[in-house]
file work-v6.cif (mmCIF, N, CA and C atoms)
data_coords
#
loop_
_atom_site.label_atom_id
_atom_site.label_comp_id
_atom_site.auth_asym_id
_atom_site.auth_seq_id
_atom_site.Cartn_x
_atom_site.Cartn_y
_atom_site.Cartn_z
N MET A 1 8.22 -0.13 14.57
CA MET A 1 8.48 1.27 14.74
C MET A 1 7.77 2.04 13.64
N THR A 2 7.05 3.05 13.99
CA THR A 2 6.32 3.81 13.00
C THR A 2 7.10 5.06 12.63
N GLU A 3 6.81 5.55 11.44
CA GLU A 3 7.46 6.77 10.98
C GLU A 3 6.83 7.96 11.67
N PRO A 4 7.61 9.04 11.87
CA PRO A 4 7.02 10.24 12.47
C PRO A 4 5.97 10.82 11.54
N GLU A 5 4.96 11.43 12.16
CA GLU A 5 3.87 12.00 11.35
C GLU A 5 4.38 13.21 10.59
N ARG A 6 3.95 13.31 9.33
CA ARG A 6 4.30 14.45 8.49
C ARG A 6 3.13 15.42 8.50
N PRO A 7 3.43 16.69 8.32
CA PRO A 7 2.31 17.63 8.16
C PRO A 7 1.48 17.22 6.95
N ARG A 8 0.18 17.45 7.00
CA ARG A 8 -0.71 17.02 5.92
C ARG A 8 -0.40 17.66 4.58
N THR A 9 0.27 18.78 4.60
CA THR A 9 0.57 19.45 3.35
C THR A 9 1.85 18.92 2.70
N GLU A 10 2.65 18.18 3.44
CA GLU A 10 3.90 17.66 2.92
C GLU A 10 3.65 16.47 2.00
N ARG A 11 4.26 16.47 0.83
CA ARG A 11 4.11 15.38 -0.12
C ARG A 11 5.03 14.24 0.26
N ARG A 12 4.62 13.04 -0.08
CA ARG A 12 5.44 11.88 0.19
C ARG A 12 6.66 11.85 -0.72
N PRO A 13 7.79 11.42 -0.19
CA PRO A 13 8.94 11.24 -1.08
C PRO A 13 8.68 10.08 -2.02
N ARG A 14 9.19 10.16 -3.21
CA ARG A 14 9.02 9.10 -4.20
C ARG A 14 10.10 8.05 -3.96
N PRO A 15 9.70 6.81 -3.68
CA PRO A 15 10.70 5.76 -3.46
C PRO A 15 11.26 5.27 -4.80
N ALA A 16 12.28 4.45 -4.71
CA ALA A 16 12.85 3.84 -5.91
C ALA A 16 11.74 3.04 -6.60
N PRO A 17 11.72 3.06 -7.92
CA PRO A 17 10.66 2.33 -8.62
C PRO A 17 10.82 0.82 -8.44
N LEU A 18 9.69 0.15 -8.32
CA LEU A 18 9.70 -1.31 -8.29
C LEU A 18 9.60 -1.78 -9.73
N LEU A 19 10.59 -2.47 -10.18
CA LEU A 19 10.58 -2.99 -11.53
C LEU A 19 10.17 -4.44 -11.48
N PHE A 20 9.33 -4.84 -12.42
CA PHE A 20 8.89 -6.23 -12.45
C PHE A 20 10.02 -7.10 -12.98
N GLU A 21 10.16 -8.24 -12.37
CA GLU A 21 11.21 -9.16 -12.77
C GLU A 21 10.71 -10.06 -13.89
N PRO A 22 11.61 -10.49 -14.76
CA PRO A 22 11.22 -11.45 -15.80
C PRO A 22 10.70 -12.73 -15.14
N ALA A 23 9.80 -13.40 -15.79
CA ALA A 23 9.16 -14.59 -15.21
C ALA A 23 10.19 -15.65 -14.83
N GLU A 24 11.22 -15.85 -15.66
CA GLU A 24 12.20 -16.88 -15.33
C GLU A 24 13.00 -16.53 -14.08
N ALA A 25 13.26 -15.24 -13.84
CA ALA A 25 13.97 -14.83 -12.63
C ALA A 25 13.08 -14.97 -11.41
N ALA A 26 11.82 -14.60 -11.55
CA ALA A 26 10.88 -14.70 -10.43
C ALA A 26 10.62 -16.15 -10.05
N ALA A 27 10.78 -17.07 -10.98
CA ALA A 27 10.55 -18.49 -10.70
C ALA A 27 11.66 -19.08 -9.84
N ASP A 28 12.83 -18.47 -9.84
CA ASP A 28 13.96 -18.94 -9.04
C ASP A 28 13.77 -18.45 -7.61
N PRO A 29 13.56 -19.36 -6.62
CA PRO A 29 13.29 -18.94 -5.25
C PRO A 29 14.44 -18.16 -4.60
N GLU A 30 15.65 -18.33 -5.12
CA GLU A 30 16.80 -17.62 -4.56
C GLU A 30 16.95 -16.22 -5.15
N HIS A 31 16.21 -15.92 -6.19
CA HIS A 31 16.32 -14.63 -6.87
C HIS A 31 15.34 -13.63 -6.27
N PHE A 32 15.86 -12.48 -5.91
CA PHE A 32 14.99 -11.43 -5.39
C PHE A 32 15.55 -10.09 -5.82
N PHE A 33 14.98 -9.54 -6.88
CA PHE A 33 15.36 -8.25 -7.43
C PHE A 33 16.87 -8.14 -7.60
N ASP A 34 17.50 -9.24 -7.93
CA ASP A 34 18.93 -9.31 -8.23
C ASP A 34 19.82 -8.98 -7.02
N LEU A 35 19.25 -8.97 -5.82
CA LEU A 35 20.06 -8.66 -4.63
C LEU A 35 21.14 -9.72 -4.39
N GLU A 36 20.83 -10.95 -4.72
CA GLU A 36 21.78 -12.02 -4.45
C GLU A 36 23.05 -11.89 -5.28
N SER A 37 23.01 -11.11 -6.34
CA SER A 37 24.19 -10.96 -7.19
C SER A 37 25.06 -9.77 -6.78
N ILE A 38 24.62 -8.97 -5.83
CA ILE A 38 25.41 -7.81 -5.39
C ILE A 38 26.39 -8.27 -4.33
N GLU A 39 27.68 -8.11 -4.62
CA GLU A 39 28.71 -8.59 -3.69
C GLU A 39 29.18 -7.52 -2.72
N ASP A 40 29.15 -6.26 -3.15
CA ASP A 40 29.59 -5.17 -2.28
C ASP A 40 28.53 -4.92 -1.22
N PRO A 41 28.86 -5.10 0.07
CA PRO A 41 27.85 -4.93 1.12
C PRO A 41 27.25 -3.52 1.18
N ARG A 42 28.01 -2.50 0.82
CA ARG A 42 27.47 -1.14 0.81
C ARG A 42 26.40 -1.00 -0.26
N ARG A 43 26.67 -1.52 -1.45
CA ARG A 43 25.69 -1.47 -2.53
C ARG A 43 24.48 -2.33 -2.18
N LEU A 44 24.73 -3.49 -1.57
CA LEU A 44 23.64 -4.38 -1.17
C LEU A 44 22.74 -3.68 -0.16
N LEU A 45 23.33 -3.04 0.84
CA LEU A 45 22.54 -2.33 1.84
C LEU A 45 21.75 -1.20 1.19
N ALA A 46 22.38 -0.45 0.30
CA ALA A 46 21.70 0.67 -0.35
C ALA A 46 20.52 0.18 -1.18
N ARG A 47 20.72 -0.86 -1.99
CA ARG A 47 19.64 -1.35 -2.85
C ARG A 47 18.54 -2.01 -2.03
N ALA A 48 18.91 -2.78 -1.01
CA ALA A 48 17.90 -3.42 -0.16
C ALA A 48 17.08 -2.36 0.58
N THR A 49 17.73 -1.28 0.99
CA THR A 49 17.02 -0.19 1.65
C THR A 49 16.07 0.50 0.69
N GLU A 50 16.51 0.73 -0.55
CA GLU A 50 15.62 1.31 -1.57
C GLU A 50 14.39 0.45 -1.76
N LEU A 51 14.60 -0.86 -1.85
CA LEU A 51 13.47 -1.77 -2.04
C LEU A 51 12.54 -1.76 -0.84
N THR A 52 13.10 -1.71 0.35
CA THR A 52 12.27 -1.66 1.57
C THR A 52 11.38 -0.43 1.55
N HIS A 53 11.94 0.72 1.22
CA HIS A 53 11.14 1.95 1.15
C HIS A 53 10.10 1.86 0.04
N ALA A 54 10.47 1.29 -1.09
CA ALA A 54 9.53 1.17 -2.20
C ALA A 54 8.37 0.25 -1.83
N PHE A 55 8.66 -0.88 -1.18
CA PHE A 55 7.60 -1.79 -0.77
C PHE A 55 6.68 -1.16 0.27
N ARG A 56 7.25 -0.43 1.21
CA ARG A 56 6.42 0.25 2.21
C ARG A 56 5.51 1.28 1.54
N ALA A 57 6.07 2.06 0.64
CA ALA A 57 5.26 3.07 -0.06
C ALA A 57 4.17 2.40 -0.89
N ALA A 58 4.51 1.30 -1.55
CA ALA A 58 3.53 0.58 -2.35
C ALA A 58 2.43 0.01 -1.46
N THR A 59 2.79 -0.49 -0.30
CA THR A 59 1.81 -1.02 0.64
C THR A 59 0.86 0.10 1.10
N ASP A 60 1.43 1.23 1.49
CA ASP A 60 0.60 2.36 1.95
C ASP A 60 -0.35 2.81 0.85
N ARG A 61 0.17 2.93 -0.35
CA ARG A 61 -0.65 3.43 -1.47
C ARG A 61 -1.74 2.43 -1.82
N SER A 62 -1.41 1.15 -1.86
CA SER A 62 -2.43 0.16 -2.20
C SER A 62 -3.49 0.08 -1.10
N MET A 63 -3.10 0.30 0.15
CA MET A 63 -4.09 0.29 1.24
C MET A 63 -5.05 1.47 1.08
N GLU A 64 -4.53 2.61 0.63
CA GLU A 64 -5.42 3.75 0.39
C GLU A 64 -6.43 3.43 -0.71
N PHE A 65 -5.98 2.76 -1.75
CA PHE A 65 -6.90 2.37 -2.82
C PHE A 65 -7.91 1.34 -2.32
N GLN A 66 -7.49 0.43 -1.45
CA GLN A 66 -8.43 -0.51 -0.84
C GLN A 66 -9.51 0.25 -0.08
N ALA A 67 -9.09 1.23 0.71
CA ALA A 67 -10.04 2.00 1.52
C ALA A 67 -11.02 2.77 0.63
N ILE A 68 -10.51 3.37 -0.43
CA ILE A 68 -11.39 4.11 -1.34
C ILE A 68 -12.40 3.16 -1.99
N ALA A 69 -11.93 2.00 -2.42
CA ALA A 69 -12.83 1.02 -3.02
C ALA A 69 -13.87 0.55 -2.01
N ALA A 70 -13.45 0.30 -0.77
CA ALA A 70 -14.40 -0.13 0.27
C ALA A 70 -15.46 0.94 0.50
N ALA A 71 -15.02 2.19 0.55
CA ALA A 71 -15.98 3.28 0.76
C ALA A 71 -16.95 3.39 -0.41
N GLN A 72 -16.45 3.22 -1.61
CA GLN A 72 -17.32 3.28 -2.78
C GLN A 72 -18.31 2.12 -2.78
N LEU A 73 -17.85 0.93 -2.41
CA LEU A 73 -18.74 -0.23 -2.38
C LEU A 73 -19.81 -0.09 -1.29
N ALA A 74 -19.50 0.61 -0.21
CA ALA A 74 -20.44 0.77 0.90
C ALA A 74 -21.30 2.03 0.76
N ASP A 75 -21.10 2.79 -0.28
CA ASP A 75 -21.84 4.05 -0.46
C ASP A 75 -23.34 3.79 -0.47
N PRO A 76 -24.08 4.42 0.45
CA PRO A 76 -25.52 4.18 0.52
C PRO A 76 -26.29 4.65 -0.72
N ARG A 77 -25.67 5.45 -1.56
CA ARG A 77 -26.34 5.90 -2.78
C ARG A 77 -26.30 4.83 -3.88
N ARG A 78 -25.49 3.80 -3.68
CA ARG A 78 -25.40 2.73 -4.67
C ARG A 78 -26.55 1.74 -4.45
N PHE A 79 -27.21 1.37 -5.52
CA PHE A 79 -28.28 0.38 -5.39
C PHE A 79 -27.70 -1.00 -5.05
N ASP A 80 -26.46 -1.23 -5.43
CA ASP A 80 -25.82 -2.52 -5.19
C ASP A 80 -24.75 -2.44 -4.09
N ARG A 81 -24.94 -1.51 -3.16
CA ARG A 81 -23.93 -1.33 -2.11
C ARG A 81 -23.75 -2.61 -1.31
N LEU A 82 -22.57 -2.72 -0.74
CA LEU A 82 -22.25 -3.89 0.07
C LEU A 82 -22.22 -3.52 1.54
N THR A 83 -22.53 -4.46 2.37
CA THR A 83 -22.43 -4.27 3.82
C THR A 83 -20.97 -4.42 4.22
N PRO A 84 -20.59 -3.89 5.38
CA PRO A 84 -19.22 -4.11 5.85
C PRO A 84 -18.87 -5.60 5.94
N ALA A 85 -19.84 -6.43 6.29
CA ALA A 85 -19.58 -7.87 6.36
C ALA A 85 -19.24 -8.44 4.98
N ALA A 86 -19.95 -7.99 3.96
CA ALA A 86 -19.68 -8.48 2.61
C ALA A 86 -18.33 -7.98 2.10
N ILE A 87 -18.00 -6.74 2.42
CA ILE A 87 -16.69 -6.20 2.03
C ILE A 87 -15.59 -6.96 2.75
N ALA A 88 -15.79 -7.21 4.04
CA ALA A 88 -14.81 -7.97 4.83
C ALA A 88 -14.57 -9.35 4.23
N GLU A 89 -15.64 -10.01 3.85
CA GLU A 89 -15.50 -11.35 3.26
C GLU A 89 -14.72 -11.28 1.96
N GLN A 90 -15.03 -10.30 1.12
CA GLN A 90 -14.37 -10.19 -0.18
C GLN A 90 -12.88 -9.85 -0.02
N ALA A 91 -12.54 -9.02 0.95
CA ALA A 91 -11.16 -8.57 1.14
C ALA A 91 -10.38 -9.41 2.14
N ASP A 92 -11.04 -10.40 2.75
CA ASP A 92 -10.41 -11.24 3.76
C ASP A 92 -10.01 -10.41 4.99
N TRP A 93 -10.93 -9.54 5.43
CA TRP A 93 -10.75 -8.72 6.61
C TRP A 93 -11.77 -9.14 7.65
N THR A 94 -11.61 -8.60 8.87
CA THR A 94 -12.68 -8.73 9.86
C THR A 94 -13.71 -7.65 9.55
N GLU A 95 -14.90 -7.82 10.05
CA GLU A 95 -15.94 -6.82 9.81
C GLU A 95 -15.58 -5.48 10.44
N ASP A 96 -15.00 -5.49 11.63
CA ASP A 96 -14.58 -4.24 12.28
C ASP A 96 -13.54 -3.51 11.44
N TYR A 97 -12.59 -4.26 10.90
CA TYR A 97 -11.56 -3.64 10.05
C TYR A 97 -12.20 -3.07 8.79
N ALA A 98 -13.16 -3.77 8.21
CA ALA A 98 -13.84 -3.27 7.02
C ALA A 98 -14.54 -1.95 7.32
N LYS A 99 -15.17 -1.85 8.47
CA LYS A 99 -15.84 -0.60 8.85
C LYS A 99 -14.82 0.54 8.94
N LYS A 100 -13.66 0.26 9.54
CA LYS A 100 -12.62 1.29 9.66
C LYS A 100 -12.08 1.68 8.29
N MET A 101 -11.93 0.70 7.41
CA MET A 101 -11.44 1.00 6.06
C MET A 101 -12.46 1.81 5.28
N VAL A 102 -13.75 1.53 5.45
CA VAL A 102 -14.78 2.32 4.79
C VAL A 102 -14.70 3.77 5.26
N GLU A 103 -14.55 3.98 6.56
CA GLU A 103 -14.44 5.35 7.08
C GLU A 103 -13.17 6.03 6.58
N PHE A 104 -12.08 5.30 6.58
CA PHE A 104 -10.82 5.86 6.08
C PHE A 104 -10.97 6.23 4.61
N GLY A 105 -11.59 5.37 3.84
CA GLY A 105 -11.83 5.65 2.42
C GLY A 105 -12.70 6.88 2.23
N ARG A 106 -13.71 7.01 3.06
CA ARG A 106 -14.58 8.21 2.97
C ARG A 106 -13.78 9.47 3.27
N ASP A 107 -12.89 9.39 4.26
CA ASP A 107 -12.03 10.53 4.56
C ASP A 107 -11.12 10.86 3.38
N LEU A 108 -10.58 9.84 2.76
CA LEU A 108 -9.71 10.06 1.60
C LEU A 108 -10.49 10.69 0.45
N ILE A 109 -11.68 10.21 0.22
CA ILE A 109 -12.51 10.73 -0.86
C ILE A 109 -12.86 12.21 -0.60
N ARG A 110 -13.15 12.52 0.66
CA ARG A 110 -13.47 13.91 1.02
C ARG A 110 -12.22 14.79 1.04
N GLY A 111 -11.05 14.15 1.00
CA GLY A 111 -9.81 14.93 1.04
C GLY A 111 -9.34 15.25 2.42
N THR A 112 -9.85 14.52 3.42
CA THR A 112 -9.43 14.77 4.80
C THR A 112 -8.63 13.61 5.36
N GLY A 113 -8.21 12.69 4.48
CA GLY A 113 -7.43 11.53 4.94
C GLY A 113 -6.06 11.94 5.40
N GLU A 114 -5.35 11.01 6.00
CA GLU A 114 -4.03 11.24 6.59
C GLU A 114 -3.08 11.92 5.62
N ASP A 115 -3.08 11.52 4.36
CA ASP A 115 -2.13 12.07 3.40
C ASP A 115 -2.77 13.01 2.40
N ALA A 116 -3.96 13.45 2.68
CA ALA A 116 -4.64 14.34 1.74
C ALA A 116 -4.03 15.72 1.76
#

call {"tool": "encode", "arguments": {"input": "work-v6.cif", "output": "structure tokens"}}
result
Amino acid sequence: MTEPERPRTERRPRPAPLLFEPAEAAADPEHFFDLESIEDPRRLLARATELTHAFRAATDRSMEFQAIAAAQLADPRRFDRLTPAAIAEQADWTEDYAKKMVEFGRDLIRGTGEDA
């Protein structure tokens, strides 16, 4: 299910911050942002929901940075520009997806992207 489209002028809500876990906690496969220690189901639902929104926002934001980087790497003004195939190989994408990401990145750079 996708989120409803927001007007381009509307700013994204800031999700709960993702805090990095200590290495020893992250090494425990049962440990996940301390959710396993929350006994109250209301608090567990609230915190798990916060994390879900934070991860989605982080995914969206990192994808925008991927697109910008792809567009910069494919810029024809660069003497060392990469082809969509080379970008796809580096990012583990298909070539068609790399082409779409380059275009999306160009839109973001120009300020005409989805969230610009």

call {"tool": "atom_distance", "arguments": {"input": "work-v6.cif", "atom1": "atom CA of A:Arg81", "atom2": "atom N of A:Ser62"}}
result
22.7 Å

call {"tool": "closest_residue", "arguments": {"input": "work-v6.cif", "among": "A:Ile68, A:Ile38, A:Val102, A:Leu51", "to": "A:Pro84", "atoms": "all atoms listed in the file"}}
result
A:Val102

call {"tool": "closest_residue", "arguments": {"input": "work-v6.cif", "among": "A:Glu89, A:Glu50, A:Asp34, A:Asp75", "to": "A:Gly105", "atoms": "only C-alpha atoms"}}
result
A:Asp75

call {"tool": "atom_distance", "arguments": {"input": "work-v6.cif", "atom1": "atom CA of A:Ala48", "atom2": "atom N of A:His31"}}
result
14.0 Å

call {"tool": "residues_around", "arguments": {"input": "work-v6.cif", "residues": "A:Met101", "least_positions_apart": "2", "cutoff": "10 Å", "atoms": "only C-alpha atoms", "output": "PyMOL selection string"}}
result
chain A and resi 63-64+66-71+84+87-88+93+95-99+103-107

call {"tool": "atom_distance", "arguments": {"input": "work-v6.cif", "atom1": "atom CA of A:Arg61", "atom2": "atom CA of A:Arg110"}}
result
16.7 Å

call {"tool": "axis_aligned_box", "arguments": {"input": "work-v6.cif", "around": "stretch 97-106 of chain A", "padding_each_side": "3 Å", "output": "lines of an AutoDock Vina configuration file"}}
result
center_x = -13.3
center_y = 2.6
center_z = 6.6
size_x = 11.0
size_y = 19.7
size_z = 14.7

call {"tool": "closest_residue", "arguments": {"input": "work-v6.cif", "among": "A:Thr94, A:Phe33, A:Leu108, A:Arg77", "to": "A:Thr52", "atoms": "only C-alpha atoms"}}
result
A:Phe33

call {"tool": "select_by_dssp", "arguments": {"input": "work-v6.cif", "residues": "stretch 53-114 of chain A", "states": "alpha helix (DSSP H)", "output": "ChimeraX atom specification"}}
result
/A:53-73,84-91,95-110

call {"tool": "write_last_selection", "arguments": {"input": "work-v6.cif", "atoms": "N, CA and C atoms", "output": "tab-separated table (two decimals), in the frame of the given file"}}
result
chain	number	residue	atom	x	y	z
A	53	HIS	N	11.94	0.72	1.22
A	53	HIS	CA	11.14	1.95	1.15
A	53	HIS	C	10.10	1.86	0.04
A	54	ALA	N	10.47	1.29	-1.09
A	54	ALA	CA	9.53	1.17	-2.20
A	54	ALA	C	8.37	0.25	-1.83
A	55	PHE	N	8.66	-0.88	-1.18
A	55	PHE	CA	7.60	-1.79	-0.77
A	55	PHE	C	6.68	-1.16	0.27
A	56	ARG	N	7.25	-0.43	1.21
A	56	ARG	CA	6.42	0.25	2.21
A	56	ARG	C	5.51	1.28	1.54
A	57	ALA	N	6.07	2.06	0.64
A	57	ALA	CA	5.26	3.07	-0.06
A	57	ALA	C	4.17	2.40	-0.89
A	58	ALA	N	4.51	1.30	-1.55
A	58	ALA	CA	3.53	0.58	-2.35
A	58	ALA	C	2.43	0.01	-1.46
A	59	THR	N	2.79	-0.49	-0.30
A	59	THR	CA	1.81	-1.02	0.64
A	59	THR	C	0.86	0.10	1.10
A	60	ASP	N	1.43	1.23	1.49
A	60	ASP	CA	0.60	2.36	1.95
A	60	ASP	C	-0.35	2.81	0.85
A	61	ARG	N	0.17	2.93	-0.35
A	61	ARG	CA	-0.65	3.43	-1.47
A	61	ARG	C	-1.74	2.43	-1.82
A	62	SER	N	-1.41	1.15	-1.86
A	62	SER	CA	-2.43	0.16	-2.20
A	62	SER	C	-3.49	0.08	-1.10
A	63	MET	N	-3.10	0.30	0.15
A	63	MET	CA	-4.09	0.29	1.24
A	63	MET	C	-5.05	1.47	1.08
A	64	GLU	N	-4.53	2.61	0.63
A	64	GLU	CA	-5.42	3.75	0.39
A	64	GLU	C	-6.43	3.43	-0.71
A	65	PHE	N	-5.98	2.76	-1.75
A	65	PHE	CA	-6.90	2.37	-2.82
A	65	PHE	C	-7.91	1.34	-2.32
A	66	GLN	N	-7.49	0.43	-1.45
A	66	GLN	CA	-8.43	-0.51	-0.84
A	66	GLN	C	-9.51	0.25	-0.08
A	67	ALA	N	-9.09	1.23	0.71
A	67	ALA	CA	-10.04	2.00	1.52
A	67	ALA	C	-11.02	2.77	0.63
A	68	ILE	N	-10.51	3.37	-0.43
A	68	ILE	CA	-11.39	4.11	-1.34
A	68	ILE	C	-12.40	3.16	-1.99
A	69	ALA	N	-11.93	2.00	-2.42
A	69	ALA	CA	-12.83	1.02	-3.02
A	69	ALA	C	-13.87	0.55	-2.01
A	70	ALA	N	-13.45	0.30	-0.77
A	70	ALA	CA	-14.40	-0.13	0.27
A	70	ALA	C	-15.46	0.94	0.50
A	71	ALA	N	-15.02	2.19	0.55
A	71	ALA	CA	-15.98	3.28	0.76
A	71	ALA	C	-16.95	3.39	-0.41
A	72	GLN	N	-16.45	3.22	-1.61
A	72	GLN	CA	-17.32	3.28	-2.78
A	72	GLN	C	-18.31	2.12	-2.78
A	73	LEU	N	-17.85	0.93	-2.41
A	73	LEU	CA	-18.74	-0.23	-2.38
A	73	LEU	C	-19.81	-0.09	-1.29
A	84	PRO	N	-20.59	-3.89	5.38
A	84	PRO	CA	-19.22	-4.11	5.85
A	84	PRO	C	-18.87	-5.60	5.94
A	85	ALA	N	-19.84	-6.43	6.29
A	85	ALA	CA	-19.58	-7.87	6.36
A	85	ALA	C	-19.24	-8.44	4.98
A	86	ALA	N	-19.95	-7.99	3.96
A	86	ALA	CA	-19.68	-8.48	2.61
A	86	ALA	C	-18.33	-7.98	2.10
A	87	ILE	N	-18.00	-6.74	2.42
A	87	ILE	CA	-16.69	-6.20	2.03
A	87	ILE	C	-15.59	-6.96	2.75
A	88	ALA	N	-15.79	-7.21	4.04
A	88	ALA	CA	-14.81	-7.97	4.83
A	88	ALA	C	-14.57	-9.35	4.23
A	89	GLU	N	-15.64	-10.01	3.85
A	89	GLU	CA	-15.50	-11.35	3.26
A	89	GLU	C	-14.72	-11.28	1.96
A	90	GLN	N	-15.03	-10.30	1.12
A	90	GLN	CA	-14.37	-10.19	-0.18
A	90	GLN	C	-12.88	-9.85	-0.02
A	91	ALA	N	-12.54	-9.02	0.95
A	91	ALA	CA	-11.16	-8.57	1.14
A	91	ALA	C	-10.38	-9.41	2.14
A	95	GLU	N	-14.90	-7.82	10.05
A	95	GLU	CA	-15.94	-6.82	9.81
A	95	GLU	C	-15.58	-5.48	10.44
A	96	ASP	N	-15.00	-5.49	11.63
A	96	ASP	CA	-14.58	-4.24	12.28
A	96	ASP	C	-13.54	-3.51	11.44
A	97	TYR	N	-12.59	-4.26	10.90
A	97	TYR	CA	-11.56	-3.64	10.05
A	97	TYR	C	-12.20	-3.07	8.79
A	98	ALA	N	-13.16	-3.77	8.21
A	98	ALA	CA	-13.84	-3.27	7.02
A	98	ALA	C	-14.54	-1.95	7.32
A	99	LYS	N	-15.17	-1.85	8.47
A	99	LYS	CA	-15.84	-0.60	8.85
A	99	LYS	C	-14.82	0.54	8.94
A	100	LYS	N	-13.66	0.26	9.54
A	100	LYS	CA	-12.62	1.29	9.66
A	100	LYS	C	-12.08	1.68	8.29
A	101	MET	N	-11.93	0.70	7.41
A	101	MET	CA	-11.44	1.00	6.06
A	101	MET	C	-12.46	1.81	5.28
A	102	VAL	N	-13.75	1.53	5.45
A	102	VAL	CA	-14.78	2.32	4.79
A	102	VAL	C	-14.70	3.77	5.26
A	103	GLU	N	-14.55	3.98	6.56
A	103	GLU	CA	-14.44	5.35	7.08
A	103	GLU	C	-13.17	6.03	6.58
A	104	PHE	N	-12.08	5.30	6.58
A	104	PHE	CA	-10.82	5.86	6.08
A	104	PHE	C	-10.97	6.23	4.61
A	105	GLY	N	-11.59	5.37	3.84
A	105	GLY	CA	-11.83	5.65	2.42
A	105	GLY	C	-12.70	6.88	2.23
A	106	ARG	N	-13.71	7.01	3.06
A	106	ARG	CA	-14.58	8.21	2.97
A	106	ARG	C	-13.78	9.47	3.27
A	107	ASP	N	-12.89	9.39	4.26
A	107	ASP	CA	-12.03	10.53	4.56
A	107	ASP	C	-11.12	10.86	3.38
A	108	LEU	N	-10.58	9.84	2.76
A	108	LEU	CA	-9.71	10.06	1.60
A	108	LEU	C	-10.49	10.69	0.45
A	109	ILE	N	-11.68	10.21	0.22
A	109	ILE	CA	-12.51	10.73	-0.86
A	109	ILE	C	-12.86	12.21	-0.60
A	110	ARG	N	-13.15	12.52	0.66
A	110	ARG	CA	-13.47	13.91	1.02
A	110	ARG	C	-12.22	14.79	1.04

call {"tool": "decode", "arguments": {"input": "work-v6.cif", "residues": "stretch 85-96 of chain A", "atoms": "N, CA, C and O atoms", "output": "CSV table (one decimal), in the first residue's frame"}}
result
chain,number,residue,atom,x,y,z
A,85,ALA,N,25.0,1.1,-17.5
A,85,ALA,CA,25.4,-0.3,-17.2
A,85,ALA,C,26.4,-0.3,-16.1
A,85,ALA,O,26.3,-1.2,-15.2
A,86,ALA,N,27.4,0.6,-16.1
A,86,ALA,CA,28.4,0.6,-15.1
A,86,ALA,C,27.8,1.0,-13.8
A,86,ALA,O,28.2,0.5,-12.7
A,87,ILE,N,26.9,2.0,-13.8
A,87,ILE,CA,26.2,2.4,-12.5
A,87,ILE,C,25.4,1.2,-12.0
A,87,ILE,O,25.4,0.9,-10.8
A,88,ALA,N,24.7,0.6,-12.9
A,88,ALA,CA,23.9,-0.6,-12.5
A,88,ALA,C,24.7,-1.7,-11.8
A,88,ALA,O,24.4,-2.2,-10.8
A,89,GLU,N,25.9,-1.9,-12.4
A,89,GLU,CA,26.8,-3.0,-11.9
A,89,GLU,C,27.3,-2.6,-10.5
A,89,GLU,O,27.3,-3.4,-9.6
A,90,GLN,N,27.6,-1.3,-10.3
A,90,GLN,CA,28.2,-0.8,-9.1
A,90,GLN,C,27.1,-0.8,-8.0
A,90,GLN,O,27.4,-1.1,-6.8
A,91,ALA,N,25.9,-0.5,-8.3
A,91,ALA,CA,24.8,-0.4,-7.3
A,91,ALA,C,24.0,-1.7,-7.2
A,91,ALA,O,23.0,-1.7,-6.4
A,92,ASP,N,24.3,-2.7,-8.0
A,92,ASP,CA,23.5,-4.0,-8.0
A,92,ASP,C,22.1,-3.7,-8.5
A,92,ASP,O,21.2,-4.2,-7.8
A,93,TRP,N,21.9,-2.9,-9.5
A,93,TRP,CA,20.6,-2.7,-10.1
A,93,TRP,C,20.6,-3.3,-11.5
A,93,TRP,O,21.6,-3.7,-12.1
A,94,THR,N,19.4,-3.3,-12.2
A,94,THR,CA,19.4,-3.6,-13.6
A,94,THR,C,19.7,-2.3,-14.3
A,94,THR,O,19.6,-1.2,-13.8
A,95,GLU,N,20.1,-2.4,-15.6
A,95,GLU,CA,20.4,-1.2,-16.4
A,95,GLU,C,19.2,-0.3,-16.5
A,95,GLU,O,19.4,0.9,-16.5
A,96,ASP,N,18.0,-0.9,-16.7
A,96,ASP,CA,16.8,0.0,-16.9
A,96,ASP,C,16.6,0.8,-15.6
A,96,ASP,O,16.2,1.9,-15.7
